[in-house]
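Visitor: I am sharing work-v2.cif, which consists of mmCIF, C-alpha atoms and all ligand atoms:
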data_start
#
loop_
_atom_site.label_atom_id
_atom_site.label_comp_id
_atom_site.auth_asym_id
_atom_site.auth_seq_id
_atom_site.Cartn_x
_atom_site.Cartn_y
_atom_site.Cartn_z
CA MET W 1 -60.69 -115.45 88.46
CA ASN W 2 -62.79 -118.52 87.65
CA LEU W 3 -61.08 -121.29 85.70
CA VAL W 4 -61.99 -124.70 84.34
CA ILE W 5 -59.31 -127.32 83.74
CA LEU W 6 -59.99 -129.93 81.07
CA GLY W 7 -58.00 -133.01 80.14
CA ALA W 8 -58.20 -136.76 79.79
CA PRO W 9 -57.93 -138.85 82.95
CA GLY W 10 -54.24 -138.82 83.87
CA ALA W 11 -53.47 -135.64 81.91
CA GLY W 12 -52.41 -133.98 85.16
CA LYS W 13 -55.51 -131.90 85.94
CA GLY W 14 -55.20 -132.54 89.67
CA ALA W 15 -51.54 -131.51 89.94
CA GLN W 16 -52.05 -128.40 87.81
CA SER W 17 -55.16 -127.43 89.73
CA ARG W 18 -53.28 -127.65 93.02
CA ASN W 19 -50.42 -125.50 91.65
CA LEU W 20 -52.75 -122.91 90.14
CA SER W 21 -54.92 -122.80 93.23
CA LYS W 22 -51.82 -121.97 95.28
CA HIS W 23 -50.44 -119.46 92.76
CA TYR W 24 -53.67 -117.46 92.38
CA SER W 25 -55.08 -118.20 95.89
CA ILE W 26 -58.23 -119.59 94.33
CA LEU W 27 -60.33 -122.51 95.49
CA HIS W 28 -59.68 -125.92 93.90
CA ILE W 29 -62.89 -127.88 93.45
CA SER W 30 -62.58 -131.43 92.11
CA THR W 31 -65.89 -133.15 91.36
CA GLY W 32 -64.05 -136.50 91.24
CA ASP W 33 -62.79 -135.94 94.82
CA MET W 34 -66.26 -134.86 95.93
CA LEU W 35 -67.83 -137.99 94.45
CA ARG W 36 -65.14 -140.28 95.92
CA HIS W 37 -65.81 -138.67 99.30
CA GLU W 38 -69.53 -139.49 99.00
CA MET W 39 -68.53 -143.11 98.29
CA GLU W 40 -66.18 -143.23 101.26
CA ILE W 41 -68.78 -141.99 103.73
CA LYS W 42 -71.33 -144.31 102.09
CA SER W 43 -73.92 -141.57 101.72
CA PRO W 44 -77.04 -142.40 99.65
CA ILE W 45 -75.45 -140.51 96.73
CA GLY W 46 -72.17 -142.40 97.25
CA ILE W 47 -73.91 -145.77 97.20
CA SER W 48 -75.93 -144.86 94.11
CA ILE W 49 -72.86 -143.87 92.04
CA GLU W 50 -70.37 -146.53 93.18
CA GLU W 51 -70.92 -148.93 90.31
CA ARG W 52 -70.61 -146.29 87.60
CA MET W 53 -67.56 -144.68 89.19
CA ASN W 54 -65.74 -148.00 89.48
CA LYS W 55 -66.55 -148.87 85.87
CA GLY W 56 -65.16 -145.54 84.67
CA GLU W 57 -68.54 -144.22 83.54
CA LEU W 58 -69.81 -140.71 84.17
CA VAL W 59 -72.29 -140.28 87.01
CA PRO W 60 -75.67 -138.66 86.21
CA ASP W 61 -75.45 -134.95 85.34
CA ASP W 62 -78.01 -133.85 87.94
CA VAL W 63 -76.25 -135.65 90.79
CA VAL W 64 -72.88 -134.03 90.16
CA THR W 65 -74.37 -130.64 89.26
CA GLU W 66 -76.38 -130.44 92.50
CA LEU W 67 -73.35 -131.47 94.57
CA LEU W 68 -71.23 -128.82 92.86
CA LYS W 69 -73.82 -126.06 93.31
CA GLU W 70 -74.09 -126.94 97.00
CA ARG W 71 -70.31 -126.83 97.33
CA LEU W 72 -70.17 -123.41 95.67
CA ARG W 73 -72.93 -122.10 97.95
CA SER W 74 -71.14 -123.27 101.08
CA SER W 75 -67.57 -122.19 100.18
CA ASP W 76 -65.76 -118.90 100.04
CA ALA W 77 -65.21 -118.53 96.32
CA SER W 78 -64.71 -114.77 96.45
CA LYS W 79 -61.16 -114.87 95.05
CA GLY W 80 -62.13 -117.37 92.37
CA ILE W 81 -62.19 -121.07 91.71
CA ILE W 82 -60.55 -123.71 89.59
CA LEU W 83 -62.99 -126.41 88.56
CA ASP W 84 -61.39 -129.78 87.97
CA GLY W 85 -63.63 -132.49 86.49
CA TYR W 86 -66.62 -130.31 85.63
CA PRO W 87 -68.01 -129.82 83.01
CA ARG W 88 -67.61 -133.31 81.61
CA ASN W 89 -70.04 -133.04 78.67
CA LEU W 90 -71.84 -130.41 76.61
CA TYR W 91 -74.95 -130.52 78.78
CA GLN W 92 -72.87 -129.66 81.86
CA ALA W 93 -70.98 -126.94 79.95
CA GLU W 94 -74.27 -125.29 79.04
CA ILE W 95 -75.92 -125.61 82.45
CA MET W 96 -72.77 -124.38 84.20
CA GLU W 97 -73.32 -120.94 82.67
CA SER W 98 -76.48 -120.59 84.78
CA PHE W 99 -74.59 -120.78 88.10
CA VAL W 100 -70.98 -119.66 87.53
CA VAL W 101 -69.18 -117.32 85.11
CA ILE W 102 -65.98 -118.86 83.78
CA ASP W 103 -63.14 -116.64 82.54
CA LYS W 104 -60.88 -119.23 80.91
CA VAL W 105 -60.85 -122.95 80.17
CA ILE W 106 -57.45 -124.64 80.20
CA SER W 107 -57.15 -127.83 78.19
CA ILE W 108 -54.16 -130.02 79.04
CA ASP W 109 -53.49 -132.09 75.94
CA VAL W 110 -51.74 -135.46 76.24
CA PRO W 111 -51.75 -138.31 73.64
CA ASP W 112 -53.64 -141.47 74.67
CA GLU W 113 -50.55 -143.72 74.66
CA VAL W 114 -48.79 -141.44 77.16
CA ILE W 115 -51.91 -141.47 79.35
CA VAL W 116 -52.10 -145.28 79.38
CA SER W 117 -48.44 -145.56 80.36
CA ARG W 118 -48.81 -142.88 83.07
CA MET W 119 -51.96 -144.33 84.58
CA SER W 120 -50.59 -147.85 84.80
CA GLY W 121 -48.08 -146.56 87.36
CA ARG W 122 -50.20 -144.06 89.24
CA LEU W 123 -50.51 -144.27 93.01
CA ILE W 124 -52.40 -141.80 95.16
CA CYS W 125 -52.43 -140.99 98.83
CA PRO W 126 -55.87 -141.73 100.32
CA ASN W 127 -55.15 -139.25 103.10
CA CYS W 128 -53.80 -136.03 101.50
CA GLY W 129 -54.53 -136.61 97.80
CA ALA W 130 -50.86 -136.39 96.66
CA SER W 131 -50.23 -138.31 93.45
CA PHE W 132 -47.14 -140.37 92.51
CA ASN W 133 -46.08 -142.55 89.60
CA ILE W 134 -43.79 -145.54 89.85
CA HIS W 135 -42.32 -144.69 86.41
CA TYR W 136 -42.15 -140.88 86.38
CA HIS W 137 -42.44 -139.58 89.94
CA PRO W 138 -41.87 -142.38 92.47
CA PRO W 139 -42.26 -141.72 96.20
CA ILE W 140 -38.97 -141.57 98.14
CA LYS W 141 -39.98 -144.61 100.20
CA LYS W 142 -41.65 -147.33 98.12
CA GLY W 143 -45.45 -147.29 98.52
CA ILE W 144 -45.47 -144.48 101.13
CA CYS W 145 -46.65 -140.89 100.69
CA ASP W 146 -43.77 -138.34 100.81
CA VAL W 147 -46.11 -135.68 102.16
CA CYS W 148 -47.89 -137.39 105.05
CA GLY W 149 -46.46 -140.93 105.37
CA THR W 150 -49.69 -142.76 104.52
CA LYS W 151 -49.65 -146.04 102.54
CA LEU W 152 -50.30 -145.24 98.86
CA VAL W 153 -53.10 -146.96 96.92
CA LYS W 154 -54.12 -147.51 93.31
CA ARG W 155 -57.50 -146.00 92.45
CA ASP W 156 -60.00 -148.67 91.36
CA ASP W 157 -60.69 -146.69 88.20
CA ASP W 158 -56.96 -146.56 87.29
CA LYS W 159 -56.88 -150.27 86.29
CA ALA W 160 -55.86 -150.73 82.61
CA LYS W 161 -59.25 -151.78 81.20
CA THR W 162 -60.99 -148.97 83.02
CA VAL W 163 -58.43 -146.39 81.86
CA LYS W 164 -59.16 -147.29 78.21
CA LYS W 165 -62.88 -146.95 78.89
CA ARG W 166 -62.40 -143.58 80.59
CA LEU W 167 -60.34 -142.37 77.62
CA LYS W 168 -63.14 -143.42 75.27
CA THR W 169 -65.65 -141.55 77.41
CA TYR W 170 -63.36 -138.51 77.44
CA HIS W 171 -63.09 -138.36 73.64
CA LYS W 172 -66.79 -138.93 73.10
CA GLU W 173 -68.31 -136.84 75.89
CA THR W 174 -65.77 -134.30 77.13
CA GLU W 175 -63.61 -133.33 74.16
CA PRO W 176 -66.48 -131.62 72.27
CA ILE W 177 -66.55 -129.09 75.12
CA LYS W 178 -63.27 -127.66 73.80
CA GLU W 179 -65.04 -126.44 70.66
CA PHE W 180 -67.84 -124.97 72.79
CA PHE W 181 -65.36 -122.79 74.71
CA ARG W 182 -63.12 -122.10 71.70
CA LYS W 183 -66.08 -120.40 70.03
CA LYS W 184 -66.41 -118.20 73.11
CA SER W 185 -62.66 -117.36 72.93
CA LYS W 186 -62.15 -118.89 76.36
CA LEU W 187 -60.03 -121.92 75.45
CA VAL W 188 -56.32 -122.09 76.32
CA GLU W 189 -54.60 -125.23 74.98
CA ILE W 190 -51.45 -126.48 76.70
CA ASP W 191 -49.07 -129.32 75.83
CA GLY W 192 -49.39 -131.67 78.80
CA THR W 193 -46.39 -133.89 78.05
CA ASN W 194 -43.86 -131.60 79.77
CA ASP W 195 -42.89 -131.66 83.46
CA ILE W 196 -45.53 -130.57 85.93
CA GLU W 197 -43.77 -127.32 86.90
CA VAL W 198 -43.07 -126.36 83.27
CA ILE W 199 -46.73 -126.85 82.41
CA THR W 200 -47.80 -124.67 85.34
CA GLU W 201 -45.49 -121.88 84.13
CA GLU W 202 -46.92 -122.15 80.63
CA ILE W 203 -50.47 -121.92 81.89
CA ILE W 204 -49.68 -118.85 84.01
CA LYS W 205 -47.99 -117.21 81.02
CA ALA W 206 -50.91 -118.06 78.73
CA LEU W 207 -53.45 -116.68 81.21
CA GLY W 208 -51.61 -113.35 81.35
CA ASP W 209 -53.66 -110.77 83.24
CA VAL W 210 -57.02 -112.50 83.13
P1 LIG K 1 -61.82 -137.60 88.08
O1 LIG K 1 -61.22 -137.67 89.43
O2 LIG K 1 -62.14 -136.18 87.65
O3 LIG K 1 -61.07 -138.35 87.04
O4 LIG K 1 -63.28 -138.30 88.18
C1 LIG K 1 -63.43 -139.65 88.58
C2 LIG K 1 -64.81 -140.16 88.20
O5 LIG K 1 -65.81 -139.34 88.84
C3 LIG K 1 -65.16 -140.08 86.73
O6 LIG K 1 -64.68 -141.19 86.00
C4 LIG K 1 -66.69 -140.06 86.77
O7 LIG K 1 -67.20 -141.35 87.06
C5 LIG K 1 -66.94 -139.19 88.00
N1 LIG K 1 -67.08 -137.74 87.67
C6 LIG K 1 -66.27 -136.72 88.09
N2 LIG K 1 -66.72 -135.54 87.64
C7 LIG K 1 -67.84 -135.82 86.92
C8 LIG K 1 -68.76 -135.02 86.18
N3 LIG K 1 -68.60 -133.69 86.08
N4 LIG K 1 -69.80 -135.65 85.57
C9 LIG K 1 -69.98 -136.98 85.66
N5 LIG K 1 -69.14 -137.79 86.32
C10 LIG K 1 -68.08 -137.23 86.95
#
Written as structure tokens, that's how I'd like the structure from this file.
Ligand code: AMP
Guide:
Amino acid sequence: MNLVILGAPGAGKGAQSRNLSKHYSILHISTGDMLRHEMEIKSPIGISIEERMNKGELVPDDVVTELLKERLRSSDASKGIILDGYPRNLYQAEIMESFVVIDKVISIDVPDEVIVSRMSGRLICPNCGASFNIHYHPPIKKGICDVCGTKLVKRDDDKAKTVKKRLKTYHKETEPIKEFFRKKSKLVEIDGTNDIEVITEEIIKALGDV
């Protein structure tokens, strides 16, 4: 089963992708994580996208598309995948059809004001990727990852001004994709304001026997 997960930054795409990947034993591919990795290792791609990433802007379509295709070629995607962060605009939605067949697109819908409040408290683990929130889901020990004990950090692109910019980009560039997939009867819309586990259950129920 091949899935796409859509949602504004902070809608919970990462957490849902991890849960669904475990539940269906499918591969979780996050283009945001892939791009951050390129920045960390300071590869030529990483250096070329750093400024845009930190400003909350999308990176060029060809850069992310080539990275994703390479990742799909080199991974075992036989049981299926869940794509988190791609497609991000209509161009990517269209080109995606030339290299992967998607069964369903899950949109996690959360109002902007909830997103802004969530993101202002978000902390992530730079080691294992676990995500916490000082308001909604604090780590047991302040500033330390519950899973692996690493010091938690705030992502550069989670700063308030950048969050607003990323939301604007989401509404302008990414939201029109919903209509694209709705017309193909592939869109599943889920209320993303509930608890993480409740949302996962709802998605699994909505997917039925896809
Ligand atoms: P995310 O972790 O999905 O929120 O992505 C973090 C950042 O990576 C975004 O703000 C963009 O700068 C970049 N990014 C991730 N996926 C894409 C994509 N499909 N197209 C363009 N930029 C992307």
Visitor: Using all atoms listed in the file, which residue out of W:Phe99, W:Arg71, W:Arg166, W:Tyr136 lies closest to ligand LIG 1 (chain K)?
Guide: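 When distances to ligand LIG 1 (chain K) are compared using all atoms listed in the file, the smallest one comes from W:Arg166.
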Visitor: Residues within 8 Å of ligand LIG 1 (chain K) (only C-alpha atoms and all ligand atoms), as a PyMOL selection string?
Guide: chain W and resi 8-10+14+30-33+35-36+49+52-61+64-65+84-89+92+157+166
Visitor: Figure out the distance between atom CA of W:Ile203 and atom CA of W:Ser78, please, to one decimal in Å.
Guide: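 For atom CA of W:Ser78 relative to atom CA of W:Ile203, the distance reads 21.6 Å.
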Visitor: For W:Ser107, which residue among W:Val210, W:Cys125, W:Leu152, W:Leu83 is the nearest when counting all atoms listed in the file?
Guide: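 Selected residue with least distance to W:Ser107: W:Leu83.
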Visitor: Given the choices W:Tyr24, W:Val188, W:Leu123, W:Lys164, which gets closest to W:Cys145 if the distance is worked out from all atoms listed in the file?
Guide: W:Leu123
Visitor: Determine the nearest neighbour of W:Leu20 from the options W:Leu68, W:Ile102, W:Ile204, W:Ile115, counting only C-alpha atoms.
Guide: W:Ile204
Visitor: Taking all atoms listed in the file into account, which of W:Ala11, W:Ile82, W:Leu3, W:Ile47 comes nearest W:Ser117?
Guide: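 Closest candidate: W:Ala11.
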Visitor: Please indicate the distance in Å from atom CA of W:Cys128 to atom CA of W:Ser48, rounded to one decimal place.
Guide: 24.9 Å
Visitor: What is the atom CA of W:Ala160-atom CA of W:Asp146 distance in Å, reported with one decimal?
Guide: 25.1 Å
Visitor: Quick one: residues within 12 Å of W:Ser131, only C-alpha atoms, excluding same-chain residues fewer than 2 positions away - as a VMD selection string?
Guide: chain W and resid 10 12 to 16 18 118 to 119 121 to 129 133 to 134 136 to 139 143 to 148 150 to 155 196
Visitor: Find, counting only C-alpha atoms, the residue in W:Asn19, W:Val101, W:Val63, W:Ile41 that gets nearest to W:Glu201.
Guide: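 Counting only C-alpha atoms, the residue closest to W:Glu201 is W:Asn19.
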Visitor: Assuming 6 Å of padding per side, give the centre and edge lengths of the axis-aligned box around every listed atom of stretch 134-141 of chain W, in Å to one decimal and as JSON.
Guide:
{"center_x": -41.4, "center_y": -142.6, "center_z": 93.3, "size_x": 16.8, "size_y": 18.0, "size_z": 25.8}
Visitor: Report as a VMD selection string all protein, DNA and RNA residues lying within 9 Å of stretch 205-208 of chain W, evaluated on only C-alpha atoms, omitting residues in the same chain fewer than 5 positions from it.
Guide: chain W and resid 104 106 188 to 190 200
